[in-house]
>>> print(open('query-v1.csv').read())   # CSV, C-alpha atoms
chain,number,residue,atom,x,y,z
I,1,MET,CA,54.8,15.9,-72.3
I,2,ARG,CA,57.3,15.2,-75.1
I,3,MET,CA,56.2,13.3,-78.2
I,4,SER,CA,58.9,11.5,-80.1
I,5,HIS,CA,56.8,8.7,-81.6
I,6,PRO,CA,56.1,8.1,-85.3
I,7,VAL,CA,52.4,9.0,-85.1
I,8,ARG,CA,50.7,10.1,-88.3
I,9,ALA,CA,49.1,13.6,-88.5
I,10,GLY,CA,45.6,13.6,-87.0
I,11,ARG,CA,46.0,10.2,-85.4
I,12,ARG,CA,46.6,9.1,-81.8
I,13,GLY,CA,49.6,7.3,-80.5
I,14,ALA,CA,49.0,4.0,-78.8
I,15,ALA,CA,51.2,1.4,-76.9
I,16,ILE,CA,50.4,-2.1,-75.7
I,17,VAL,CA,52.3,-3.2,-72.6
I,18,GLY,CA,52.2,-7.0,-72.5
I,19,ALA,CA,51.4,-7.4,-76.2
I,20,SER,CA,52.7,-11.0,-76.6
I,21,GLY,CA,49.6,-12.6,-74.9
I,22,TYR,CA,46.3,-13.3,-76.5
I,23,THR,CA,44.7,-10.0,-75.4
I,24,GLY,CA,47.8,-8.2,-76.7
I,25,ALA,CA,47.5,-10.0,-80.1
I,26,GLU,CA,43.8,-9.1,-80.3
I,27,LEU,CA,44.7,-5.4,-79.4
I,28,MET,CA,47.2,-5.4,-82.3
I,29,ARG,CA,44.6,-6.8,-84.7
I,30,LEU,CA,42.1,-4.1,-83.6
I,31,CYS,CA,44.6,-1.3,-83.7
I,32,ALA,CA,45.6,-2.3,-87.2
I,33,GLN,CA,42.0,-1.6,-88.5
I,34,HIS,CA,41.5,1.5,-86.3
I,35,PRO,CA,41.2,4.7,-88.3
I,36,ASP,CA,42.5,6.9,-85.4
I,37,LEU,CA,45.1,4.9,-83.6
I,38,ASP,CA,48.8,4.3,-84.5
I,39,LEU,CA,50.4,1.4,-82.6
I,40,VAL,CA,54.0,2.7,-82.0
I,41,TYR,CA,55.2,0.5,-79.2
I,42,ALA,CA,54.5,-3.1,-78.1
I,43,THR,CA,56.2,-4.7,-75.2
I,44,GLY,CA,56.5,-8.4,-74.2
I,45,ASP,CA,59.3,-8.9,-71.8
I,46,THR,CA,59.3,-12.7,-72.1
I,47,GLN,CA,59.4,-12.3,-75.9
I,48,ALA,CA,61.6,-9.3,-76.1
I,49,GLY,CA,63.5,-9.2,-79.4
I,50,THR,CA,61.0,-11.4,-81.2
I,51,LEU,CA,59.2,-10.3,-84.3
I,52,ALA,CA,55.5,-10.0,-83.5
I,53,SER,CA,54.8,-11.7,-86.9
I,54,ALA,CA,57.0,-14.7,-85.8
I,55,LEU,CA,54.7,-15.3,-82.8
I,56,TYR,CA,51.5,-14.2,-84.5
I,57,PRO,CA,51.7,-14.6,-88.3
I,58,SER,CA,48.2,-13.1,-88.6
I,59,VAL,CA,49.6,-9.6,-88.0
I,60,THR,CA,52.4,-9.8,-90.6
I,61,ALA,CA,50.7,-7.7,-93.3
I,62,THR,CA,50.2,-4.7,-91.0
I,63,TYR,CA,53.2,-5.1,-88.6
I,64,PRO,CA,55.9,-6.9,-90.7
I,65,ASP,CA,58.8,-5.2,-88.7
I,66,LEU,CA,57.2,-4.8,-85.3
I,67,VAL,CA,59.5,-6.3,-82.6
I,68,PHE,CA,58.4,-6.9,-79.0
I,69,GLU,CA,60.5,-4.8,-76.7
I,70,GLU,CA,61.2,-4.7,-73.0
I,71,PHE,CA,59.2,-2.1,-71.2
I,72,ASP,CA,60.7,1.4,-70.8
I,73,THR,CA,58.6,4.1,-69.2
I,74,ASP,CA,60.2,6.8,-71.4
I,75,ARG,CA,59.0,5.1,-74.6
I,76,VAL,CA,55.4,5.8,-73.7
I,77,ASP,CA,55.9,9.4,-72.6
I,78,GLY,CA,53.3,11.6,-74.4
I,79,LEU,CA,51.3,8.8,-75.9
I,80,ASP,CA,47.5,9.2,-76.0
I,81,VAL,CA,46.6,5.8,-74.8
I,82,VAL,CA,48.5,2.9,-73.2
I,83,PHE,CA,46.9,-0.5,-72.9
I,84,LEU,CA,48.1,-2.8,-70.1
I,85,GLY,CA,47.8,-6.5,-70.8
I,86,LEU,CA,49.6,-7.5,-67.6
I,87,PRO,CA,49.0,-9.6,-64.5
I,88,HIS,CA,47.1,-7.7,-61.8
I,89,GLU,CA,49.9,-6.8,-59.5
I,90,ALA,CA,52.2,-5.8,-62.4
I,91,SER,CA,49.6,-3.4,-63.6
I,92,MET,CA,49.2,-2.0,-60.1
I,93,ALA,CA,52.9,-1.3,-59.9
I,94,LEU,CA,53.0,0.4,-63.3
I,95,VAL,CA,50.0,2.7,-63.2
I,96,PRO,CA,51.5,5.2,-60.7
I,97,GLN,CA,54.6,5.4,-63.0
I,98,LEU,CA,52.4,6.2,-66.1
I,99,THR,CA,49.9,8.6,-64.5
I,100,GLY,CA,50.4,12.1,-65.8
I,101,ARG,CA,52.8,10.9,-68.5
I,102,VAL,CA,50.2,9.5,-70.9
I,103,GLY,CA,46.7,10.6,-71.9
I,104,THR,CA,44.7,7.5,-70.9
I,105,ILE,CA,45.7,4.2,-69.3
I,106,VAL,CA,43.4,1.3,-70.2
I,107,ASP,CA,44.1,-1.7,-67.8
I,108,LEU,CA,42.9,-5.1,-68.8
I,109,SER,CA,43.7,-6.7,-65.5
I,110,ALA,CA,41.5,-6.6,-62.4
I,111,ALA,CA,43.8,-4.3,-60.5
I,112,TYR,CA,41.3,-1.4,-60.5
I,113,ARG,CA,38.0,-3.0,-61.1
I,114,LEU,CA,36.8,-3.5,-57.5
I,115,LYS,CA,35.9,-0.3,-55.7
I,116,ASP,CA,36.1,-1.9,-52.3
I,117,ALA,CA,39.9,-2.3,-51.6
I,118,SER,CA,39.1,-4.8,-48.8
I,119,LEU,CA,38.0,-7.3,-51.4
I,120,TYR,CA,41.4,-7.7,-53.0
I,121,PRO,CA,43.1,-9.8,-50.3
I,122,VAL,CA,40.0,-12.0,-50.1
I,123,TRP,CA,39.5,-12.7,-53.9
I,124,TYR,CA,43.0,-11.8,-55.4
I,125,GLY,CA,45.4,-12.5,-52.6
I,126,PHE,CA,47.1,-9.1,-52.4
I,127,GLU,CA,46.6,-5.8,-50.6
I,128,HIS,CA,45.5,-2.8,-52.7
I,129,ASP,CA,47.6,0.2,-51.5
I,130,GLN,CA,46.5,2.8,-54.0
I,131,PRO,CA,43.2,4.2,-52.8
I,132,GLU,CA,43.5,7.3,-54.9
I,133,HIS,CA,43.9,5.4,-58.2
I,134,LEU,CA,41.2,2.9,-57.2
I,135,ALA,CA,38.8,5.7,-56.5
I,136,GLY,CA,39.7,7.5,-59.7
I,137,ALA,CA,39.5,4.5,-62.1
I,138,VAL,CA,36.4,4.3,-64.3
I,139,TYR,CA,34.8,1.0,-65.0
I,140,GLY,CA,35.2,0.4,-68.8
I,141,LEU,CA,31.8,-0.9,-69.8
I,142,PRO,CA,30.3,2.0,-71.8
I,143,GLU,CA,26.8,0.5,-71.9
I,144,LEU,CA,26.7,1.0,-68.1
I,145,ASP,CA,28.7,4.2,-67.6
I,146,ARG,CA,29.5,6.1,-70.8
I,147,THR,CA,29.4,9.5,-69.2
I,148,GLY,CA,32.1,8.6,-66.6
I,149,LEU,CA,34.4,7.3,-69.3
I,150,LYS,CA,34.6,10.6,-71.2
I,151,GLY,CA,38.0,12.0,-70.6
I,152,ALA,CA,39.0,9.3,-68.2
I,153,SER,CA,42.7,9.0,-67.4
I,154,LEU,CA,42.5,5.4,-65.9
I,155,VAL,CA,40.0,2.8,-67.3
I,156,ALA,CA,39.5,-0.6,-65.7
I,157,THR,CA,38.4,-3.0,-68.4
I,158,PRO,CA,35.8,-5.5,-67.1
I,159,GLY,CA,36.4,-9.2,-66.8
I,160,CYS,CA,35.1,-11.3,-69.7
I,161,HIS,CA,32.6,-13.3,-67.8
I,162,VAL,CA,31.5,-10.1,-66.0
I,163,THR,CA,30.8,-8.3,-69.3
I,164,ALA,CA,28.4,-11.1,-70.4
I,165,ALA,CA,26.7,-11.5,-67.0
I,166,ALA,CA,26.4,-7.7,-66.4
I,167,LEU,CA,24.9,-7.0,-69.8
I,168,ALA,CA,22.4,-9.8,-69.3
I,169,LEU,CA,21.4,-8.9,-65.7
I,170,GLU,CA,21.9,-5.2,-65.1
I,171,PRO,CA,18.8,-4.1,-67.0
I,172,LEU,CA,16.6,-6.5,-65.1
I,173,VAL,CA,18.0,-5.5,-61.7
I,174,ALA,CA,17.8,-1.8,-62.6
I,175,ALA,CA,14.2,-2.1,-63.7
I,176,GLY,CA,13.3,-3.8,-60.4
I,177,LEU,CA,12.2,-7.0,-62.2
I,178,ILE,CA,14.4,-9.5,-60.4
I,179,GLU,CA,15.5,-10.1,-56.8
I,180,ARG,CA,19.1,-8.9,-55.9
I,181,HIS,CA,19.8,-12.1,-54.0
I,182,GLY,CA,19.9,-15.7,-55.2
I,183,ILE,CA,21.2,-14.9,-58.7
I,184,ILE,CA,23.0,-17.7,-60.5
I,185,VAL,CA,25.4,-17.2,-63.4
I,186,ASP,CA,26.4,-20.3,-65.4
I,187,SER,CA,29.1,-19.2,-67.9
I,188,LYS,CA,30.9,-21.1,-70.6
I,189,THR,CA,34.2,-19.8,-71.9
I,190,GLY,CA,36.7,-20.6,-74.6
I,191,ILE,CA,40.2,-21.8,-74.0
I,192,SER,CA,41.8,-18.5,-75.0
I,193,GLY,CA,40.5,-17.1,-71.7
I,194,ALA,CA,43.2,-19.0,-69.9
I,195,GLY,CA,45.9,-17.1,-71.7
I,196,ARG,CA,48.8,-18.2,-73.9
I,197,GLY,CA,50.8,-19.7,-71.1
I,198,LEU,CA,51.3,-23.5,-71.0
I,199,LYS,CA,48.7,-25.0,-68.7
I,200,HIS,CA,47.6,-28.6,-68.4
I,201,ALA,CA,43.9,-27.6,-68.7
I,202,SER,CA,44.5,-25.8,-72.0
I,203,LEU,CA,46.5,-28.6,-73.7
I,204,PHE,CA,44.7,-30.0,-76.7
I,205,CYS,CA,44.3,-33.5,-75.2
I,206,SER,CA,42.9,-32.0,-72.0
I,207,ALA,CA,40.5,-29.5,-73.5
I,208,ASP,CA,39.3,-31.3,-76.6
I,209,GLU,CA,35.9,-33.0,-76.2
I,210,ASN,CA,35.8,-31.8,-72.6
I,211,LEU,CA,33.6,-29.5,-70.6
I,212,GLU,CA,34.6,-28.7,-67.0
I,213,ALA,CA,33.6,-26.4,-64.3
I,214,TYR,CA,36.3,-24.5,-62.4
I,215,GLY,CA,36.6,-21.8,-59.7
I,216,LEU,CA,33.8,-23.4,-57.8
I,217,LEU,CA,32.4,-21.0,-55.1
I,218,ASP,CA,35.4,-18.7,-55.2
I,219,HIS,CA,36.0,-17.4,-58.7
I,220,ARG,CA,37.5,-13.9,-58.7
I,221,HIS,CA,34.9,-12.5,-61.0
I,222,THR,CA,32.1,-13.1,-58.4
I,223,PRO,CA,32.4,-9.7,-56.5
I,224,GLU,CA,32.9,-7.9,-59.8
I,225,ILE,CA,29.7,-9.3,-61.2
I,226,GLU,CA,27.9,-8.3,-58.0
I,227,GLN,CA,29.3,-4.8,-58.2
I,228,ALA,CA,28.5,-4.4,-61.9
I,229,ILE,CA,24.9,-5.4,-61.7
I,230,GLY,CA,24.2,-3.8,-58.4
I,231,GLY,CA,24.7,-0.2,-59.5
I,232,ALA,CA,24.1,2.4,-56.8
I,233,GLY,CA,21.4,0.2,-55.1
I,234,PRO,CA,21.5,-2.4,-52.4
I,235,ALA,CA,24.2,-5.1,-52.8
I,236,CYS,CA,23.5,-8.1,-55.1
I,237,GLN,CA,24.5,-11.7,-54.3
I,238,VAL,CA,25.6,-14.0,-57.1
I,239,LEU,CA,26.6,-17.6,-57.3
I,240,PHE,CA,29.0,-17.8,-60.2
I,241,THR,CA,30.2,-21.0,-61.9
I,242,PRO,CA,32.4,-20.8,-65.0
I,243,HIS,CA,33.0,-23.7,-67.3
I,244,LEU,CA,35.9,-24.3,-69.8
I,245,ALA,CA,34.6,-25.4,-73.2
I,246,PRO,CA,36.6,-26.7,-76.2
I,247,LEU,CA,36.3,-23.4,-78.1
I,248,ASN,CA,38.8,-20.8,-79.1
I,249,ARG,CA,36.7,-17.6,-78.6
I,250,ALA,CA,33.4,-17.6,-76.7
I,251,ILE,CA,31.5,-16.8,-73.7
I,252,LEU,CA,27.9,-17.9,-73.2
I,253,ALA,CA,26.4,-16.7,-69.8
I,254,THR,CA,23.1,-18.2,-68.8
I,255,CYS,CA,21.8,-16.4,-65.7
I,256,TYR,CA,18.9,-17.4,-63.4
I,257,ALA,CA,17.0,-15.2,-61.0
I,258,ARG,CA,13.8,-14.9,-59.1
I,259,PRO,CA,11.2,-12.3,-60.1
I,260,VAL,CA,10.4,-9.5,-57.7
I,261,GLU,CA,7.2,-10.3,-55.9
I,262,ASP,CA,4.1,-8.7,-57.5
I,263,ALA,CA,6.2,-7.7,-60.6
I,264,ALA,CA,4.2,-8.0,-63.9
I,265,MET,CA,6.4,-10.8,-65.3
I,266,SER,CA,6.5,-12.3,-68.8
I,267,THR,CA,9.0,-13.0,-71.5
I,268,PRO,CA,7.9,-9.9,-73.5
I,269,ALA,CA,8.3,-7.7,-70.4
I,270,LEU,CA,11.9,-8.9,-69.9
I,271,LEU,CA,12.8,-8.5,-73.5
I,272,ALA,CA,11.2,-5.0,-73.5
I,273,ALA,CA,13.3,-4.0,-70.4
I,274,MET,CA,16.5,-5.2,-72.2
I,275,ALA,CA,15.5,-3.4,-75.4
I,276,ARG,CA,14.8,-0.1,-73.6
I,277,ARG,CA,18.1,-0.3,-71.7
I,278,TYR,CA,20.2,-0.8,-74.8
I,279,GLU,CA,18.2,1.3,-77.3
I,280,GLY,CA,20.8,2.9,-79.6
I,281,GLU,CA,23.7,0.9,-78.3
I,282,PRO,CA,25.9,0.0,-81.3
I,283,PHE,CA,27.3,-3.3,-79.8
I,284,VAL,CA,24.2,-4.9,-78.2
I,285,VAL,CA,21.6,-7.0,-79.9
I,286,VAL,CA,18.4,-8.0,-78.1
I,287,ARG,CA,16.3,-10.7,-79.8
I,288,PRO,CA,13.8,-13.4,-78.8
I,289,THR,CA,16.1,-16.0,-80.4
I,290,SER,CA,18.7,-17.8,-78.2
I,291,PRO,CA,22.2,-16.3,-78.7
I,292,SER,CA,25.1,-18.2,-80.2
I,293,THR,CA,28.8,-17.8,-79.6
I,294,LYS,CA,29.4,-18.3,-83.3
I,295,ALA,CA,27.5,-15.1,-84.1
I,296,ALA,CA,29.8,-13.1,-81.9
I,297,MET,CA,33.1,-14.5,-83.1
I,298,GLY,CA,35.5,-11.7,-84.0
I,299,THR,CA,33.1,-8.9,-83.1
I,300,ASN,CA,32.5,-6.5,-80.3
I,301,THR,CA,28.8,-7.3,-80.3
I,302,ALA,CA,26.9,-8.8,-77.4
I,303,PHE,CA,23.8,-10.9,-78.2
I,304,LEU,CA,21.1,-11.0,-75.6
I,305,THR,CA,17.8,-12.7,-74.8
I,306,ALA,CA,15.5,-13.4,-71.8
I,307,ARG,CA,12.7,-15.8,-70.8
I,308,TYR,CA,10.3,-16.1,-67.9
I,309,ASP,CA,9.4,-19.7,-66.9
I,310,ASP,CA,5.9,-19.4,-65.3
I,311,ARG,CA,6.0,-23.1,-64.2
I,312,THR,CA,9.1,-22.6,-61.9
I,313,GLY,CA,8.8,-18.9,-61.4
I,314,THR,CA,12.3,-18.4,-62.8
I,315,VAL,CA,13.8,-15.6,-65.0
I,316,ILE,CA,16.5,-16.6,-67.5
I,317,ALA,CA,18.8,-14.0,-69.1
I,318,ILE,CA,21.4,-15.1,-71.7
I,319,CYS,CA,24.4,-13.3,-73.3
I,320,ALA,CA,26.9,-14.5,-75.9
I,321,ILE,CA,30.1,-12.6,-76.6
I,322,ASP,CA,33.6,-13.1,-78.0
I,323,ASN,CA,35.7,-13.3,-74.8
I,324,LEU,CA,38.8,-11.8,-76.5
I,325,CYS,CA,37.0,-9.0,-78.2
I,326,LYS,CA,34.0,-7.6,-76.3
I,327,GLY,CA,35.1,-9.5,-73.3
I,328,ALA,CA,38.6,-8.0,-73.2
I,329,SER,CA,40.5,-6.2,-76.0
I,330,GLY,CA,37.5,-5.0,-78.0
I,331,GLY,CA,35.9,-3.7,-74.8
I,332,ALA,CA,39.2,-1.9,-74.0
I,333,ILE,CA,39.2,-0.3,-77.5
I,334,GLN,CA,35.6,0.7,-77.1
I,335,ALA,CA,36.3,2.3,-73.7
I,336,ALA,CA,39.4,4.0,-75.0
I,337,ASN,CA,37.4,5.5,-77.9
I,338,VAL,CA,34.9,7.0,-75.5
I,339,ALA,CA,37.7,8.3,-73.2
I,340,LEU,CA,39.6,9.9,-76.1
I,341,GLY,CA,36.5,11.4,-77.7
I,342,LEU,CA,36.7,9.2,-80.8
I,343,ASP,CA,33.9,7.5,-82.6
I,344,GLU,CA,32.9,4.7,-80.2
I,345,THR,CA,32.7,2.1,-82.9
I,346,ALA,CA,36.1,2.9,-84.5
I,347,GLY,CA,38.2,-0.1,-85.2
I,348,LEU,CA,35.5,-2.6,-84.0
I,349,GLN,CA,33.5,-5.1,-85.9
I,350,ARG,CA,29.8,-5.7,-85.5
I,351,VAL,CA,29.4,-8.5,-88.0
I,352,GLY,CA,30.7,-11.9,-87.0
I,353,LEU,CA,32.8,-14.4,-89.0
I,354,TYR,CA,30.7,-17.1,-90.6
I,355,PRO,CA,31.0,-19.9,-91.3
>>> encode(input="query-v1.csv", output="structure tokens")
Amino acid sequence: MRMSHPVRAGRRGAAIVGASGYTGAELMRLCAQHPDLDLVYATGDTQAGTLASALYPSVTATYPDLVFEEFDTDRVDGLDVVFLGLPHEASMALVPQLTGRVGTIVDLSAAYRLKDASLYPVWYGFEHDQPEHLAGAVYGLPELDRTGLKGASLVATPGCHVTAAALALEPLVAAGLIERHGIIVDSKTGISGAGRGLKHASLFCSADENLEAYGLLDHRHTPEIEQAIGGAGPACQVLFTPHLAPLNRAILATCYARPVEDAAMSTPALLAAMARRYEGEPFVVVRPTSPSTKAAMGTNTAFLTARYDDRTGTVIAICAIDNLCKGASGGAIQAANVALGLDETAGLQRVGLYP
């Protein structure tokens, strides 16, 4: 593969396809502080010809001359990593063109997240016609499958709600502490999760002082949550309800489940299971205190806790993350670091912005 990009010696060349959206802007921010990645190409077809700093003044100091370009396959030839911040079907159309031409493709859409191709027409409204790429894609949540990510050529970055719900529930499912059916996930998300496009629900007058459930019974993240927490065991069944909150960056997932019959159940036992599962994980904090979204702002850190309510016989697991960082672009960088053999924490913050 030819390399004609201005990548500094000892560093890796990176591109962001679809850089003009919120996840693209977050990827630019994270690449700017990454010790091993050089961002050499950023596309944004609807913003082609626009200075990135004109759309996002926050990147001016690092990218004063970066201009969003139209996508050209030849421009990514030979790069180490290409991040795709595109709609699902656009990513699916592009991945075959990039395979073999770049080192690692990290897709932030849902195009390669679900292993069962038959779920795509039901939940996403399109047929998945790439069984080989779907089978070869590695789910990009290192806490659940770090080994599979090493050297991966195609990474499917998890959904934001899924990241929070999976981190909260998977340790309890894997430890045999909660039933696999009847799980409820109540998740609150910030407005940035809806993207940069103009939508009535994300207008200030619509979102301010408002809390609203959406995607009732049929949100697309439902089968992905079931897949992520189920592992190799029997299928899980989840009722997932997301809510839009008047926040910029946030996800708070409060999850409810029934304990497995005869399991020795207590709050300390739940916290111990979480702590064992995430021992040594750089971006997971398990504490008895209830997590807050403010603590996670600007970071790739997930904050977790759990409770057992003896009165109702209910397990509660809670996770707070930044939806744009750990829930999207930060998770993508973390997965790319593992795939490329870099320090997993490179370019990522673990301490939040406060106040």
>>> closest_residue(input="query-v1.csv", among="I:Met28, I:Asp262, I:Ser20, I:Ala164", to="Ala61 (chain I)", atoms="all atoms listed in the file")
I:Met28
>>> closest_residue(input="query-v1.csv", among="I:Asp343, I:Ala54, I:Asp80, I:Thr254", to="Ala166 (chain I)", atoms="only C-alpha atoms")
I:Thr254
>>> closest_residue(input="query-v1.csv", among="I:Leu94, I:Leu211, I:Leu30, I:Leu217", to="Leu324 (chain I)", atoms="all atoms listed in the file")
I:Leu30
>>> closest_residue(input="query-v1.csv", among="I:Leu84, I:Val260, I:Ala250, I:Ala269", to="Cys319 (chain I)", atoms="all atoms listed in the file")
I:Ala250
>>> closest_residue(input="query-v1.csv", among="I:Pro223, I:Ala15, I:Leu27, I:Gly233", to="Asp116 (chain I)", atoms="all atoms listed in the file")
I:Pro223
>>> residues_around(input="query-v1.csv", residues="Val284 (chain I)", least_positions_apart="4", cutoff="7 Å", atoms="all atoms listed in the file", output="list of chain:residue names")
I:Tyr278, I:Thr301, I:Ala302, I:Phe303
>>> closest_atom_pairs(input="query-v1.csv", of="region 225-304 of chain I", to="region 182-195 of chain I", cutoff="10 Å", atoms="all atoms listed in the file", output="CSV")
residue,atom,partner,partner_atom,distance
I:Ile225,CA,I:Val185,CA,9.3
I:Glu226,CA,I:Ile183,CA,9.4
I:Cys236,CA,I:Ile183,CA,8.0
I:Gln237,CA,I:Gly182,CA,6.2
I:Val238,CA,I:Ile183,CA,4.8
I:Leu239,CA,I:Ile184,CA,4.8
I:Phe240,CA,I:Val185,CA,4.9
I:Thr241,CA,I:Asp186,CA,5.2
I:Pro242,CA,I:Ser187,CA,4.7
I:His243,CA,I:Lys188,CA,4.7
I:Leu244,CA,I:Thr189,CA,5.2
I:Ala245,CA,I:Gly190,CA,5.4
I:Pro246,CA,I:Gly190,CA,6.3
I:Leu247,CA,I:Gly190,CA,4.5
I:Asn248,CA,I:Gly190,CA,5.0
I:Arg249,CA,I:Gly190,CA,5.0
I:Ala250,CA,I:Gly190,CA,4.9
I:Ile251,CA,I:Thr189,CA,4.4
I:Leu252,CA,I:Lys188,CA,5.1
I:Ala253,CA,I:Ser187,CA,4.1
I:Thr254,CA,I:Asp186,CA,5.2
I:Cys255,CA,I:Val185,CA,4.3
I:Tyr256,CA,I:Ile184,CA,5.0
I:Ala257,CA,I:Ile183,CA,4.8
I:Arg258,CA,I:Gly182,CA,7.3
I:Thr293,CA,I:Thr189,CA,9.6
>>> write_last_selection(input="query-v1.csv", atoms="C-alpha atoms", output="mmCIF file, keeping the file's coordinate frame")
data_model
loop_
_atom_site.group_PDB
_atom_site.id
_atom_site.type_symbol
_atom_site.label_atom_id
_atom_site.label_comp_id
_atom_site.auth_asym_id
_atom_site.auth_seq_id
_atom_site.Cartn_x
_atom_site.Cartn_y
_atom_site.Cartn_z
ATOM 1 C CA ILE I 225 29.700 -9.300 -61.200
ATOM 2 C CA GLU I 226 27.900 -8.300 -58.000
ATOM 3 C CA CYS I 236 23.500 -8.100 -55.100
ATOM 4 C CA GLN I 237 24.500 -11.700 -54.300
ATOM 5 C CA VAL I 238 25.600 -14.000 -57.100
ATOM 6 C CA LEU I 239 26.600 -17.600 -57.300
ATOM 7 C CA PHE I 240 29.000 -17.800 -60.200
ATOM 8 C CA THR I 241 30.200 -21.000 -61.900
ATOM 9 C CA PRO I 242 32.400 -20.800 -65.000
ATOM 10 C CA HIS I 243 33.000 -23.700 -67.300
ATOM 11 C CA LEU I 244 35.900 -24.300 -69.800
ATOM 12 C CA ALA I 245 34.600 -25.400 -73.200
ATOM 13 C CA PRO I 246 36.600 -26.700 -76.200
ATOM 14 C CA LEU I 247 36.300 -23.400 -78.100
ATOM 15 C CA ASN I 248 38.800 -20.800 -79.100
ATOM 16 C CA ARG I 249 36.700 -17.600 -78.600
ATOM 17 C CA ALA I 250 33.400 -17.600 -76.700
ATOM 18 C CA ILE I 251 31.500 -16.800 -73.700
ATOM 19 C CA LEU I 252 27.900 -17.900 -73.200
ATOM 20 C CA ALA I 253 26.400 -16.700 -69.800
ATOM 21 C CA THR I 254 23.100 -18.200 -68.800
ATOM 22 C CA CYS I 255 21.800 -16.400 -65.700
ATOM 23 C CA TYR I 256 18.900 -17.400 -63.400
ATOM 24 C CA ALA I 257 17.000 -15.200 -61.000
ATOM 25 C CA ARG I 258 13.800 -14.900 -59.100
ATOM 26 C CA THR I 293 28.800 -17.800 -79.600
#
>>> atom_distance(input="query-v1.csv", atom1="CA of Ala346 (chain I)", atom2="CA of Ala306 (chain I)")
29.2 Å
>>> closest_residue(input="query-v1.csv", among="I:Leu37, I:Ala263, I:Ala295, I:Val59", to="Ala9 (chain I)", atoms="all atoms listed in the file")
I:Leu37
>>> atom_distance(input="query-v1.csv", atom1="CA of Ala52 (chain I)", atom2="CA of Val7 (chain I)")
19.3 Å
>>> atom_distance(input="query-v1.csv", atom1="CA of Glu143 (chain I)", atom2="CA of Ala90 (chain I)")
27.8 Å
>>> residues_near_point(input="query-v1.csv", point="(7.1, -16.0, -70.5)", cutoff="7 Å", atoms="only C-alpha atoms", output="VMD selection string")
chain I and resid 266 to 268 307 to 310
>>> residues_around(input="query-v1.csv", residues="Val122 (chain I)", least_positions_apart="4", cutoff="12 Å", atoms="all atoms listed in the file", output="PyMOL selection string")
chain I and resi 114+116-118+126-128+218-220+222-223
>>> write_last_selection(input="query-v1.csv", atoms="C-alpha atoms", output="compact mmCIF listing (two decimals), in the coordinates of the input")
# COMPACT_ATOMS: atom_id res chain seq x y z
CA LEU I 114 36.80 -3.50 -57.50
CA ASP I 116 36.10 -1.90 -52.30
CA ALA I 117 39.90 -2.30 -51.60
CA SER I 118 39.10 -4.80 -48.80
CA PHE I 126 47.10 -9.10 -52.40
CA GLU I 127 46.60 -5.80 -50.60
CA HIS I 128 45.50 -2.80 -52.70
CA ASP I 218 35.40 -18.70 -55.20
CA HIS I 219 36.00 -17.40 -58.70
CA ARG I 220 37.50 -13.90 -58.70
CA THR I 222 32.10 -13.10 -58.40
CA PRO I 223 32.40 -9.70 -56.50
>>> residues_around(input="query-v1.csv", residues="Ala339 (chain I)", least_positions_apart="6", cutoff="6 Å", atoms="all atoms listed in the file", output="CSV table (one decimal) with C-alpha atoms, keeping the file's coordinate frame")
chain,number,residue,atom,x,y,z
I,149,LEU,CA,34.4,7.3,-69.3
I,150,LYS,CA,34.6,10.6,-71.2
I,151,GLY,CA,38.0,12.0,-70.6
I,152,ALA,CA,39.0,9.3,-68.2
>>> residues_near_point(input="query-v1.csv", point="(56.0, 10.6, -72.2)", cutoff="12 Å", atoms="only C-alpha atoms", output="list in words")
Met1, Arg2, Met3, Ser4, His5, Gly13, Ala14, Ala15, Asp72, Thr73, Asp74, Arg75, Val76, Asp77, Gly78, Leu79, Asp80, Val81, Val82, Gln97, Leu98, Thr99, Gly100, Arg101, Val102, Gly103 and Thr104 of chain I
>>> write_last_selection(input="query-v1.csv", atoms="C-alpha atoms", output="mmCIF file, in the frame of the given file")
data_model
loop_
_atom_site.group_PDB
_atom_site.id
_atom_site.type_symbol
_atom_site.label_atom_id
_atom_site.label_comp_id
_atom_site.auth_asym_id
_atom_site.auth_seq_id
_atom_site.Cartn_x
_atom_site.Cartn_y
_atom_site.Cartn_z
ATOM 1 C CA MET I 1 54.800 15.900 -72.300
ATOM 2 C CA ARG I 2 57.300 15.200 -75.100
ATOM 3 C CA MET I 3 56.200 13.300 -78.200
ATOM 4 C CA SER I 4 58.900 11.500 -80.100
ATOM 5 C CA HIS I 5 56.800 8.700 -81.600
ATOM 6 C CA GLY I 13 49.600 7.300 -80.500
ATOM 7 C CA ALA I 14 49.000 4.000 -78.800
ATOM 8 C CA ALA I 15 51.200 1.400 -76.900
ATOM 9 C CA ASP I 72 60.700 1.400 -70.800
ATOM 10 C CA THR I 73 58.600 4.100 -69.200
ATOM 11 C CA ASP I 74 60.200 6.800 -71.400
ATOM 12 C CA ARG I 75 59.000 5.100 -74.600
ATOM 13 C CA VAL I 76 55.400 5.800 -73.700
ATOM 14 C CA ASP I 77 55.900 9.400 -72.600
ATOM 15 C CA GLY I 78 53.300 11.600 -74.400
ATOM 16 C CA LEU I 79 51.300 8.800 -75.900
ATOM 17 C CA ASP I 80 47.500 9.200 -76.000
ATOM 18 C CA VAL I 81 46.600 5.800 -74.800
ATOM 19 C CA VAL I 82 48.500 2.900 -73.200
ATOM 20 C CA GLN I 97 54.600 5.400 -63.000
ATOM 21 C CA LEU I 98 52.400 6.200 -66.100
ATOM 22 C CA THR I 99 49.900 8.600 -64.500
ATOM 23 C CA GLY I 100 50.400 12.100 -65.800
ATOM 24 C CA ARG I 101 52.800 10.900 -68.500
ATOM 25 C CA VAL I 102 50.200 9.500 -70.900
ATOM 26 C CA GLY I 103 46.700 10.600 -71.900
ATOM 27 C CA THR I 104 44.700 7.500 -70.900
#
